[in-house]
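A short worksheet on the structure shown next.
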Protein chains: 2
Amino acid sequence: MAVTIRELADAAGVSIATVSRVLNHKPHPVGAATRQRILTLADELGYRPNLAARSLRTERSSTIGIITDNIDSPHTTLMIRGIQDRAKQDGYICVVISADWDPAVEREAIHDLASRSIDGIIFAETWHRSANETLALANKPFVFVHRQFASEHTYSVTPDEVYGARLAVRHLIGLGHRRIGYINGPQEYYASTDRLRGYSAELADHGIGFDADLVTRGNWQVESGYDAAVDLLALAERPTAIFAGNDLMAAGAMYAIFDAGQHVPQDVAVVGYDNREIARIFRPSMTTVTLPLYEMGQAVAQILLGLLAGDSASADEVKIRGRLIIRESCGADPALREPPLVAAVRRPL
Amino acid sequence: MAVTIRELADAAGVSIATVSRVLNHKPHPVGAATRQRILTLADELGYRPNLAARSLRTERSSTIGIITDNIDSPHTTLMIRGIQDRAKQDGYICVVISADWDPAVEREAIHDLASRSIDGIIFAETWHRSANETLALANKPFVFVHRQFASEHTYSVTPDEVYGARLAVRHLIGLGHRRIGYINGPQEYYASTDRLRGYSAELADHGIGFDADLVTRGNWQVESGYDAAVDLLALAERPTAIFAGNDLMAAGAMYAIFDAGQHVPQDVAVVGYDNREIARIFRPSMTTVTLPLYEMGQAVAQILLGLLAGDSASADEVKIRGRLIIRESCGADPALREPPLVAAVRRPL
DNA sequence: CGGCAGACGGTAAACGTTTACCTTGCGCCG
DNA sequence: CGGCGCAAGGTAAACGTTTACCGTCTGCCG
């Protein structure tokens with residue numbers, strides 16, 4: 001079976017206390033020779049501390065819990081990856097639990113994590129809801145990332161939606177557009193309101209007045225983007241560009257434009273948001289703003305690990321900026337674009 | 001702090017042994033009255049066993065480890081979801097580790113999991129590689145799911161690729177096609193060879209001869225599907241339908257068809273594989289074969305949990321069948337189709 | 001030369017369970 | 001009525017760590 005600290009201590013001819021001290025880099029003085037002996041012996045014997053025993057003693061487990069509504073979402077996984085990678089640097093692993101938008105499941109998850117002596121919790125894309133009191137009694141540090149709804153909670157990491165929207169709109173303005181439609185997401189999402197703020201702020205910065213007719217609303221889905229674009233195209237003074245709240249709605253908008261016999265970007269330019277897989281594959285490929293999910297994951301892990309190490313985090317809320325990816329749908333100079341998916345017909349037919 | 005078994009025992013006026021016995025449903029006889037008292041008291045006090053202590057004692061942790069190459073892959077997450085959901089029914093949680101196609105990381109992951117007294121390991125989409133000997137000394141049960149490459153290992157769950165390919169080809173044949181091109185994936189993948197087998201078997205069943213010219217190869221990416229379709233369209237005797245090894249290559253193939261001035265499905269019908277998000281959104285929406293990822297996850301969890309419970313699993317390898325999703329790209333009777341994304345222009349422009 | 005500080009290391013308790021083994025009491029049968 | 005068997009429950013060891021506390025030895029200073 002696995003080699004224990006006892007056996008390692010016997011092999012090194014010291015007590016288990018000493019072994020524990022060198023393995024955990026304790027300040028307690030240990031002779032250089034013994035330390036070295038223990039270290040090499042540990043390596044030779046392949047000693048691995050039993051983490052169950054350790055966490056029984058220390059009430060820590062080098063594990064952080066991630067609670068998310070559904071792990072099977074394109075947004076979540078990349079964030080989790082960021083969290084994992086950062087956590088791994090400090091020897092932590094992650095367990096992720098899907099709460100299915102169900103407060104009861106979420107509470108149960110918190111309890112489960114707590115009874116496993118988890119060190120801290122990250123709420124990813126999920127709202128704290130009724131979790132408050134449960135969290136209180138679990139009294140573990142917790143942090144939010146990509147929180148979708150309002151909450152008065154302390155530490156959280158979110159994308160800088162205002163900045164992202166400004167990037168998109170600024171780009172369109174730079175291409176000469178002055179009437180820019182916006183397809184907003186549902187009102188209750190931060191992403192919607194913040195992107196709208198960025199949209200109008202950027203317009204204002206360029207002296208373009210805000211026109212409420214140009215702002216429509218979808219529900220993040222393709223179909224709603226289609227409907228919204230139909231409305232925009234029906235306007236007396238039609239927009240020459242559309243900024244969609246996400247790539248899915250941008251796809252819908254482009255379909256509406258096609259169905260109206262128009263072309264993208266010649267007649268109407270389109271910019272999306274999220275940089276989902278479809279943005280790259282779509283024809284025309286979509287100019288879009290990235291959601292810096294991986295970086296957000298890293299950032300939130302960083303904060304939690306800091307909390308666990310006893311630092312008090314520097315900022316309550318950190319915002320991470322995405323970047324604009326220029327492709328075909330906006331009509332920018334091809335030199336600025338990402339290389340298109342299929343450059344040209346490669347062989348004569 | 002958390003209530004311990006000691007406190008619960010004191011409250012109930014019994015010894016901790018008795019408490020432990022009723023909580024773990026041990027066969028050891030316990031009077032109905034005491035049992036009831038303990039149970040209600042446990043509930044009232046909100047007793048949660050300390051899992052660290054339990055696993056120290058039992059060398060089990062109600063945790064299963066999932067090792068995958070990259071959690072951020074559209075295939076993986078849905079499978080993980082299936083595993084999680086099934087595992088949860090038995091009170092297990094999952095930790096997933098991304099091994100980044102790096103054998104060293106994978107070995108390290110196995111060790112890490114072992115030192116955490118994990119109960120079993122699921123390898124998802126990853127090959128065992130040099131993991132063999134590491135696994136041997138960790139001696140935990142392990143199972144494979146969606147294994148990509150050959151291996152002589154025991155328990156595994158894979159999609160029934162032969163069946164899926166037959167579904168696709170049968171459908172095309174049913175629509176009257178006799179010259180059906182196939183865009184294969186890279187040779188080293190099971191998915192490629194098995195789908196090819198299904199393709200030719202189904203042709204044979206309908207008395208259609210195998211024509212090597214109709215089989216091309218891509219690398220799963222959009223671009224390669226484009227190139228492959230260009231080749232197919234250049235054939236003297238052009239195929240009237242193309243079966244692509246995955247949805248991405250199907251998208252590429254359709255782009256090639258468009259660029260040749262042809263229409264899908266009128267001139268060439270196309271069927272994909274995987275039922276990725278893009279299949280639904282693409283125009284024309286793609287007929288495709290689902291990869292039953294969620295079910296595969298459930299199945300593999302089922303096997304592992306069985307192993308952990310002491311049953312010997314019934315079959316070494318279980319294959320899960322996907323199903324055909326009929327959309328626009330194959331030209332089937334609209335009545336058979338999934339409703340299209342955007343049924344029609346909803347409002348007059 | 002006495003004593004003290006610090007370096008180095010050991011002892012043992014504790015963390016919260018599970019479980020092998022033991023005790024008690026009661027009913028029943030020969 | 002003695003003894004056996006079984007139901008019901010208790011005792012205590014063990015799991016592998018960490019860590020507070022306690023030696024011991026050496027060197028150095030007054």
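We name chains A, B, ... following the order of the structure tokens; residues begin at 1 in each chain, and ligands are numbered from 1 as shown.
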
Would you mind listing, as a compact mmCIF listing (two decimals) with C-alpha atoms (C1' of nucleotides), in the first residue's frame, all residues of chain D that have at least one atom within 7 Å of chain B, where only C-alpha atoms (C1' of nucleotides) are what counts?
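Here's the written file part30.txt:
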```txt
# COMPACT_ATOMS: atom_id res chain seq x y z
C1' DA D 7 -30.81 -8.48 20.23
C1' DA D 8 -29.04 -4.10 21.61
C1' DG D 9 -25.59 -1.37 22.65
C1' DG D 10 -20.84 0.07 24.46
C1' DC D 15 -6.73 5.48 10.12
```

Can you pull out every residue within 7 Å of Val289 of chain A, counting only C-alpha atoms (C1' of nucleotides), but drop anything in the same chain fewer than 2 positions away, and send it as a PyMOL selection string?
chain A and resi 164+168+272-275+291+322-325

Taking the DSSP assignment computed from this structure's backbone, write out as a VMD selection string all residues of segment 81-184 of chain B that belong to strand (DSSP E).
chain B and resid 93 to 98 120 to 124 142 to 145 156 to 159 180 to 184

Take the residues from that selection and put them in a file with C-alpha atoms, as a PDB file, in the first residue's frame.
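As written to disk, out04.pdb reads:
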```pdb
ATOM      1  CA  ILE B  93     -19.055  14.065  -6.464  1.00  0.00           C
ATOM      2  CA  CYS B  94     -16.562  14.529  -9.249  1.00  0.00           C
ATOM      3  CA  VAL B  95     -13.303  16.303  -9.583  1.00  0.00           C
ATOM      4  CA  VAL B  96     -12.088  16.801 -13.076  1.00  0.00           C
ATOM      5  CA  ILE B  97      -8.524  17.370 -14.048  1.00  0.00           C
ATOM      6  CA  SER B  98      -7.330  18.527 -17.435  1.00  0.00           C
ATOM      7  CA  GLY B 120     -12.284   5.520  -8.985  1.00  0.00           C
ATOM      8  CA  ILE B 121     -11.147   7.230 -12.123  1.00  0.00           C
ATOM      9  CA  ILE B 122     -12.833   7.935 -15.408  1.00  0.00           C
ATOM     10  CA  PHE B 123     -10.689   8.717 -18.393  1.00  0.00           C
ATOM     11  CA  ALA B 124     -12.691  10.887 -20.724  1.00  0.00           C
ATOM     12  CA  PHE B 142     -10.898   2.952 -13.702  1.00  0.00           C
ATOM     13  CA  VAL B 143     -13.044   3.184 -16.781  1.00  0.00           C
ATOM     14  CA  PHE B 144     -12.799   4.820 -20.173  1.00  0.00           C
ATOM     15  CA  VAL B 145     -15.330   6.881 -21.972  1.00  0.00           C
ATOM     16  CA  SER B 156     -15.140   1.496 -21.710  1.00  0.00           C
ATOM     17  CA  VAL B 157     -18.093   3.349 -23.106  1.00  0.00           C
ATOM     18  CA  THR B 158     -18.080   4.606 -26.652  1.00  0.00           C
ATOM     19  CA  PRO B 159     -20.632   5.860 -29.108  1.00  0.00           C
ATOM     20  CA  ILE B 180     -22.645   9.471 -51.630  1.00  0.00           C
ATOM     21  CA  GLY B 181     -19.308  11.049 -50.827  1.00  0.00           C
ATOM     22  CA  TYR B 182     -17.741  10.586 -47.415  1.00  0.00           C
ATOM     23  CA  ILE B 183     -15.392  12.996 -45.710  1.00  0.00           C
ATOM     24  CA  ASN B 184     -13.505  10.934 -43.209  1.00  0.00           C
TER      25      ASN B 184
END
```

Could you please write out, as a PyMOL selection string, every residue of segment 11-166 of chain B that DSSP assigns to helix (DSSP H, G or I)?
chain B and resi 11-12+16-23+32-45+51-58+74-89+103-115+131-138+161-166

Could you give me chain B least-squares fitted onto chain A (all C-alpha atoms, paired in order), as a compact mmCIF listing (two decimals) with C-alpha atoms, in the first residue's frame?
```
# COMPACT_ATOMS: atom_id res chain seq x y z
CA MET B 1 -0.02 -0.02 0.03
CA ALA B 2 0.87 3.64 0.09
CA VAL B 3 3.86 4.67 2.17
CA THR B 4 3.02 6.67 5.26
CA ILE B 5 4.86 9.34 7.12
CA ARG B 6 5.64 6.77 9.78
CA GLU B 7 7.53 4.56 7.37
CA LEU B 8 9.32 7.51 5.88
CA ALA B 9 10.35 8.65 9.35
CA ASP B 10 11.63 5.20 10.25
CA ALA B 11 13.57 4.99 7.03
CA ALA B 12 15.17 8.35 7.71
CA GLY B 13 15.76 7.53 11.35
CA VAL B 14 13.86 10.52 12.63
CA SER B 15 10.48 11.16 14.19
CA ILE B 16 7.36 11.84 12.18
CA ALA B 17 7.27 15.34 13.54
CA THR B 18 10.51 16.18 11.84
CA VAL B 19 9.36 14.68 8.59
CA SER B 20 6.16 16.64 8.71
CA ARG B 21 8.07 19.81 9.39
CA VAL B 22 10.39 19.55 6.45
CA LEU B 23 7.66 18.42 4.10
CA ASN B 24 5.52 21.39 5.02
CA HIS B 25 8.35 23.90 5.04
CA LYS B 26 7.71 24.84 8.63
CA PRO B 27 9.86 27.55 10.19
CA HIS B 28 10.85 25.13 12.91
CA PRO B 29 14.62 24.61 12.57
CA VAL B 30 15.78 21.34 11.08
CA GLY B 31 19.35 20.49 10.27
CA ALA B 32 20.31 20.72 6.63
CA ALA B 33 21.55 17.13 6.56
CA THR B 34 18.37 15.62 7.98
CA ARG B 35 16.24 17.78 5.75
CA GLN B 36 18.09 16.59 2.72
CA ARG B 37 17.91 12.98 3.80
CA ILE B 38 14.18 13.19 4.32
CA LEU B 39 13.61 14.90 1.01
CA THR B 40 15.50 12.41 -1.09
CA LEU B 41 14.02 9.50 0.82
CA ALA B 42 10.54 10.85 0.31
CA ASP B 43 11.22 11.01 -3.36
CA GLU B 44 12.67 7.52 -3.52
CA LEU B 45 9.87 5.91 -1.61
CA GLY B 46 7.31 7.90 -3.56
CA TYR B 47 5.78 9.24 -0.39
CA ARG B 48 2.49 11.07 -0.88
CA PRO B 49 0.79 12.53 2.16
CA ASN B 50 -2.66 11.17 2.78
CA LEU B 51 -4.81 14.18 2.13
CA ALA B 52 -7.73 12.83 4.09
CA ALA B 53 -5.62 12.64 7.21
CA ARG B 54 -4.21 16.03 6.57
CA SER B 55 -7.54 17.69 6.14
CA LEU B 56 -8.94 15.93 9.16
CA ARG B 57 -6.22 17.58 11.14
CA THR B 58 -6.00 20.96 9.47
CA GLU B 59 -9.57 21.38 8.30
CA ARG B 60 -8.23 22.27 4.92
CA SER B 61 -8.21 20.14 1.84
CA SER B 62 -6.42 21.99 -0.95
CA THR B 63 -9.67 21.81 -2.79
CA ILE B 64 -11.87 24.57 -3.99
CA GLY B 65 -15.46 24.10 -4.93
CA ILE B 66 -17.04 25.64 -7.98
CA ILE B 67 -20.78 25.99 -8.05
CA THR B 68 -22.30 26.78 -11.38
CA ASP B 69 -25.76 26.42 -12.77
CA ASN B 70 -24.74 24.09 -15.52
CA ILE B 71 -21.31 22.94 -16.37
CA ASP B 72 -22.46 22.27 -19.89
CA SER B 73 -22.43 25.83 -21.09
CA PRO B 74 -19.90 27.24 -23.50
CA HIS B 75 -19.17 30.13 -21.17
CA THR B 76 -18.62 28.12 -18.06
CA THR B 77 -16.05 25.60 -19.14
CA LEU B 78 -13.43 28.03 -20.28
CA MET B 79 -13.78 29.88 -17.01
CA ILE B 80 -13.40 26.64 -15.11
CA ARG B 81 -10.31 25.94 -17.09
CA GLY B 82 -8.88 29.26 -16.00
CA ILE B 83 -9.72 28.54 -12.41
CA GLN B 84 -8.22 25.07 -12.57
CA ASP B 85 -5.01 26.23 -14.10
CA ARG B 86 -4.48 28.96 -11.56
CA ALA B 87 -5.52 26.76 -8.66
CA LYS B 88 -3.17 24.02 -9.74
CA GLN B 89 -0.20 26.32 -9.37
CA ASP B 90 -0.89 26.36 -5.65
CA GLY B 91 -1.62 22.67 -5.43
CA TYR B 92 -5.38 23.04 -5.31
CA ILE B 93 -7.83 21.01 -7.28
CA CYS B 94 -11.40 21.86 -8.13
CA VAL B 95 -14.67 20.10 -7.81
CA VAL B 96 -17.49 21.57 -9.75
CA ILE B 97 -21.12 21.08 -8.98
CA SER B 98 -23.99 21.97 -11.25
CA ALA B 99 -26.83 23.54 -9.35
CA ASP B 100 -29.36 23.59 -12.18
CA TRP B 101 -30.74 26.99 -11.24
CA ASP B 102 -32.24 25.33 -8.21
CA PRO B 103 -31.63 27.07 -4.88
CA ALA B 104 -32.21 23.85 -2.98
CA VAL B 105 -29.57 22.05 -5.00
CA GLU B 106 -27.28 24.97 -4.47
CA ARG B 107 -27.72 24.87 -0.72
CA GLU B 108 -27.16 21.16 -0.72
CA ALA B 109 -24.02 21.69 -2.75
CA ILE B 110 -22.69 24.16 -0.24
CA HIS B 111 -23.29 21.73 2.58
CA ASP B 112 -21.71 18.93 0.68
CA LEU B 113 -18.66 20.99 -0.05
CA ALA B 114 -18.43 22.12 3.54
CA SER B 115 -18.56 18.60 4.90
CA ARG B 116 -15.71 17.78 2.59
CA SER B 117 -13.62 20.47 4.26
CA ILE B 118 -13.38 22.37 1.04
CA ASP B 119 -11.34 25.54 1.44
CA GLY B 120 -13.34 28.04 -0.54
CA ILE B 121 -16.14 28.36 -3.01
CA ILE B 122 -16.42 30.05 -6.36
CA PHE B 123 -19.84 30.83 -7.69
CA ALA B 124 -19.65 30.86 -11.45
CA GLU B 125 -22.43 32.51 -13.40
CA THR B 126 -24.80 31.82 -10.60
CA TRP B 127 -26.55 34.07 -8.23
CA HIS B 128 -26.20 33.67 -4.49
CA ARG B 129 -29.94 33.54 -4.03
CA SER B 130 -30.90 31.85 -0.80
CA ALA B 131 -27.34 30.67 -0.42
CA ASN B 132 -26.51 33.47 1.95
CA GLU B 133 -27.39 31.94 5.25
CA THR B 134 -26.11 28.55 4.19
CA LEU B 135 -22.81 30.12 3.31
CA ALA B 136 -22.73 31.92 6.59
CA LEU B 137 -22.77 28.74 8.58
CA ALA B 138 -20.37 26.98 6.31
CA ASN B 139 -18.12 29.98 6.89
CA LYS B 140 -15.79 29.42 4.02
CA PRO B 141 -14.51 32.25 1.88
CA PHE B 142 -16.36 32.61 -1.37
CA VAL B 143 -16.06 34.63 -4.52
CA PHE B 144 -18.21 35.32 -7.55
CA VAL B 145 -17.28 35.21 -11.16
CA HIS B 146 -19.39 36.30 -14.10
CA ARG B 147 -22.29 36.94 -11.83
CA GLN B 148 -25.36 37.50 -13.95
CA PHE B 149 -27.61 39.39 -11.63
CA ALA B 150 -27.39 42.07 -9.02
CA SER B 151 -26.05 41.20 -5.60
CA GLU B 152 -24.44 43.15 -2.84
CA HIS B 153 -21.63 40.69 -2.40
CA THR B 154 -18.04 41.32 -1.79
CA TYR B 155 -15.52 39.80 -4.12
CA SER B 156 -16.37 39.25 -7.71
CA VAL B 157 -14.85 39.14 -11.14
CA THR B 158 -16.80 40.25 -14.15
CA PRO B 159 -16.03 41.17 -17.71
CA ASP B 160 -15.84 44.85 -18.43
CA GLU B 161 -18.99 44.99 -20.51
CA VAL B 162 -19.03 48.74 -20.83
CA TYR B 163 -15.54 48.67 -22.24
CA GLY B 164 -16.37 45.83 -24.61
CA ALA B 165 -19.41 47.58 -25.98
CA ARG B 166 -17.40 50.73 -26.47
CA LEU B 167 -14.83 48.75 -28.45
CA ALA B 168 -17.48 47.45 -30.78
CA VAL B 169 -19.24 50.77 -31.26
CA ARG B 170 -16.01 52.71 -31.60
CA HIS B 171 -14.93 50.36 -34.32
CA LEU B 172 -18.17 50.88 -36.22
CA ILE B 173 -17.96 54.62 -35.84
CA GLY B 174 -14.42 54.47 -37.10
CA LEU B 175 -15.74 52.77 -40.20
CA GLY B 176 -17.98 55.76 -40.79
CA HIS B 177 -21.23 54.50 -39.31
CA ARG B 178 -23.39 56.97 -37.47
CA ARG B 179 -26.70 55.14 -37.24
CA ILE B 180 -25.90 52.05 -35.29
CA GLY B 181 -28.64 49.75 -34.08
CA TYR B 182 -28.24 47.82 -30.85
CA ILE B 183 -29.85 44.50 -30.04
CA ASN B 184 -29.88 44.31 -26.30
CA GLY B 185 -30.20 41.21 -24.16
CA PRO B 186 -32.79 40.69 -21.44
CA GLN B 187 -32.99 43.57 -19.02
CA GLU B 188 -32.20 41.62 -15.88
CA TYR B 189 -28.68 40.79 -16.99
CA TYR B 190 -25.74 42.93 -16.10
CA ALA B 191 -24.37 42.23 -19.52
CA SER B 192 -27.36 43.89 -21.13
CA THR B 193 -27.44 47.07 -19.16
CA ASP B 194 -23.69 47.54 -19.13
CA ARG B 195 -23.33 46.97 -22.83
CA LEU B 196 -26.11 49.44 -23.43
CA ARG B 197 -24.26 51.92 -21.27
CA GLY B 198 -21.11 51.39 -23.25
CA TYR B 199 -23.02 51.76 -26.49
CA SER B 200 -24.53 55.11 -25.61
CA ALA B 201 -21.42 56.41 -23.89
CA GLU B 202 -19.34 55.74 -26.95
CA LEU B 203 -21.91 57.37 -29.20
CA ALA B 204 -21.94 60.40 -26.94
CA ASP B 205 -18.17 60.62 -26.99
CA HIS B 206 -18.36 60.97 -30.75
CA GLY B 207 -21.13 63.49 -30.65
CA ILE B 208 -23.77 61.10 -31.93
CA GLY B 209 -27.17 61.50 -30.30
CA PHE B 210 -28.93 58.57 -28.67
CA ASP B 211 -31.96 57.36 -30.60
CA ALA B 212 -34.23 55.03 -28.65
CA ASP B 213 -35.61 53.59 -31.87
CA LEU B 214 -32.24 52.05 -32.56
CA VAL B 215 -32.30 49.98 -29.39
CA THR B 216 -34.21 46.72 -29.53
CA ARG B 217 -34.23 43.76 -27.26
CA GLY B 218 -33.72 40.05 -27.73
CA ASN B 219 -33.36 37.06 -25.42
CA TRP B 220 -29.84 36.01 -26.45
CA GLN B 221 -31.20 33.46 -28.93
CA VAL B 222 -30.80 33.46 -32.70
CA GLU B 223 -34.49 33.85 -33.35
CA SER B 224 -34.77 36.96 -31.25
CA GLY B 225 -31.88 38.52 -33.11
CA TYR B 226 -33.74 37.90 -36.31
CA ASP B 227 -36.87 39.58 -35.06
CA ALA B 228 -34.97 42.52 -33.66
CA ALA B 229 -33.14 43.09 -36.92
CA VAL B 230 -36.40 42.96 -38.83
CA ASP B 231 -37.62 45.80 -36.65
CA LEU B 232 -34.43 47.77 -37.17
CA LEU B 233 -34.55 47.34 -40.93
CA ALA B 234 -38.14 48.53 -40.96
CA LEU B 235 -37.15 51.87 -39.47
CA ALA B 236 -37.73 54.90 -41.63
CA GLU B 237 -34.17 55.91 -41.10
CA ARG B 238 -32.48 52.57 -41.30
CA PRO B 239 -29.27 51.83 -39.39
CA THR B 240 -26.19 51.12 -41.47
CA ALA B 241 -24.74 48.95 -38.74
CA ILE B 242 -26.01 46.67 -36.02
CA PHE B 243 -24.30 45.83 -32.79
CA ALA B 244 -25.77 42.63 -31.36
CA GLY B 245 -25.63 41.76 -27.69
CA ASN B 246 -24.18 38.37 -28.51
CA ASP B 247 -23.04 36.27 -31.43
CA LEU B 248 -26.19 34.21 -31.55
CA MET B 249 -28.38 37.26 -32.01
CA ALA B 250 -25.86 38.61 -34.49
CA ALA B 251 -26.35 35.45 -36.53
CA GLY B 252 -30.10 35.95 -36.40
CA ALA B 253 -29.71 39.57 -37.41
CA MET B 254 -27.62 38.63 -40.40
CA TYR B 255 -30.22 36.10 -41.49
CA ALA B 256 -32.82 38.85 -41.35
CA ILE B 257 -30.58 41.09 -43.40
CA PHE B 258 -30.07 38.34 -45.98
CA ASP B 259 -33.80 37.71 -46.12
CA ALA B 260 -34.32 41.38 -46.82
CA GLY B 261 -32.09 40.96 -49.84
CA GLN B 262 -29.28 42.97 -48.31
CA HIS B 263 -25.64 42.15 -47.82
CA VAL B 264 -23.34 42.10 -44.86
CA PRO B 265 -21.25 44.17 -44.51
CA GLN B 266 -21.94 46.14 -47.69
CA ASP B 267 -25.47 47.23 -46.79
CA VAL B 268 -25.44 46.67 -43.07
CA ALA B 269 -22.40 46.01 -40.93
CA VAL B 270 -22.76 43.67 -37.96
CA VAL B 271 -20.74 43.19 -34.82
CA GLY B 272 -21.42 40.50 -32.24
CA TYR B 273 -20.24 39.76 -28.75
CA ASP B 274 -18.76 36.69 -26.99
CA ASN B 275 -16.57 35.24 -29.74
CA ARG B 276 -18.33 31.93 -29.68
CA GLU B 277 -17.26 29.21 -32.07
CA ILE B 278 -19.92 30.24 -34.53
CA ALA B 279 -18.44 33.71 -34.93
CA ARG B 280 -15.42 32.26 -36.62
CA ILE B 281 -17.34 29.82 -38.78
CA PHE B 282 -20.20 32.00 -39.88
CA ARG B 283 -20.24 33.48 -43.36
CA PRO B 284 -19.44 36.28 -43.29
CA SER B 285 -17.26 35.61 -40.29
CA MET B 286 -18.27 37.82 -37.40
CA THR B 287 -16.44 40.72 -35.95
CA THR B 288 -17.02 40.33 -32.26
CA VAL B 289 -15.84 41.19 -28.78
CA THR B 290 -14.28 38.44 -26.72
CA LEU B 291 -15.50 37.49 -23.33
CA PRO B 292 -12.23 36.99 -21.43
CA LEU B 293 -13.49 33.89 -19.72
CA TYR B 294 -10.20 32.16 -19.19
CA GLU B 295 -8.66 35.27 -17.70
CA MET B 296 -11.70 35.76 -15.53
CA GLY B 297 -11.29 32.26 -14.20
CA GLN B 298 -7.67 32.91 -13.44
CA ALA B 299 -8.49 36.18 -11.76
CA VAL B 300 -11.16 34.77 -9.53
CA ALA B 301 -8.95 31.87 -8.53
CA GLN B 302 -6.22 34.34 -7.75
CA ILE B 303 -8.52 36.26 -5.44
CA LEU B 304 -9.76 33.19 -3.66
CA LEU B 305 -6.30 31.78 -3.21
CA GLY B 306 -5.22 35.12 -1.83
CA LEU B 307 -8.05 35.03 0.64
CA LEU B 308 -7.05 31.52 1.64
CA ALA B 309 -3.47 32.60 2.10
CA GLY B 310 -4.63 35.35 4.38
CA ASP B 311 -4.11 38.37 2.17
CA SER B 312 -7.06 40.63 2.01
CA ALA B 313 -7.80 41.14 -1.64
CA SER B 314 -7.03 44.51 -3.01
CA ALA B 315 -10.29 45.24 -4.78
CA ASP B 316 -13.84 44.20 -4.18
CA GLU B 317 -14.65 43.81 -7.80
CA VAL B 318 -12.28 43.29 -10.64
CA LYS B 319 -13.31 43.79 -14.21
CA ILE B 320 -11.51 42.09 -17.03
CA ARG B 321 -11.40 43.58 -20.47
CA GLY B 322 -12.06 41.64 -23.62
CA ARG B 323 -10.81 42.63 -27.02
CA LEU B 324 -12.25 43.22 -30.43
CA ILE B 325 -11.75 40.55 -33.03
CA ILE B 326 -12.06 41.99 -36.48
CA ARG B 327 -13.45 39.70 -39.13
CA GLU B 328 -15.61 40.16 -42.16
CA SER B 329 -19.03 41.21 -40.91
CA CYS B 330 -18.05 44.78 -40.12
CA GLY B 331 -16.44 45.62 -43.45
CA ALA B 332 -13.10 46.69 -42.04
CA ASP B 333 -9.95 46.76 -44.12
CA PRO B 334 -9.06 43.11 -44.77
CA ALA B 335 -5.52 43.84 -43.64
CA LEU B 336 -6.87 44.32 -40.12
CA ARG B 337 -8.87 41.14 -40.15
CA GLU B 338 -8.20 37.74 -38.80
CA PRO B 339 -7.43 35.54 -41.78
CA PRO B 340 -10.75 34.23 -43.06
CA LEU B 341 -11.66 30.62 -42.60
CA VAL B 342 -11.47 29.71 -46.24
CA ALA B 343 -9.35 32.20 -48.02
CA ALA B 344 -10.53 31.43 -51.48
CA VAL B 345 -11.49 28.55 -53.64
CA ARG B 346 -8.25 26.63 -53.52
CA ARG B 347 -8.56 24.66 -56.70
CA PRO B 348 -10.30 25.32 -59.94
CA LEU B 349 -13.60 23.51 -60.06
```
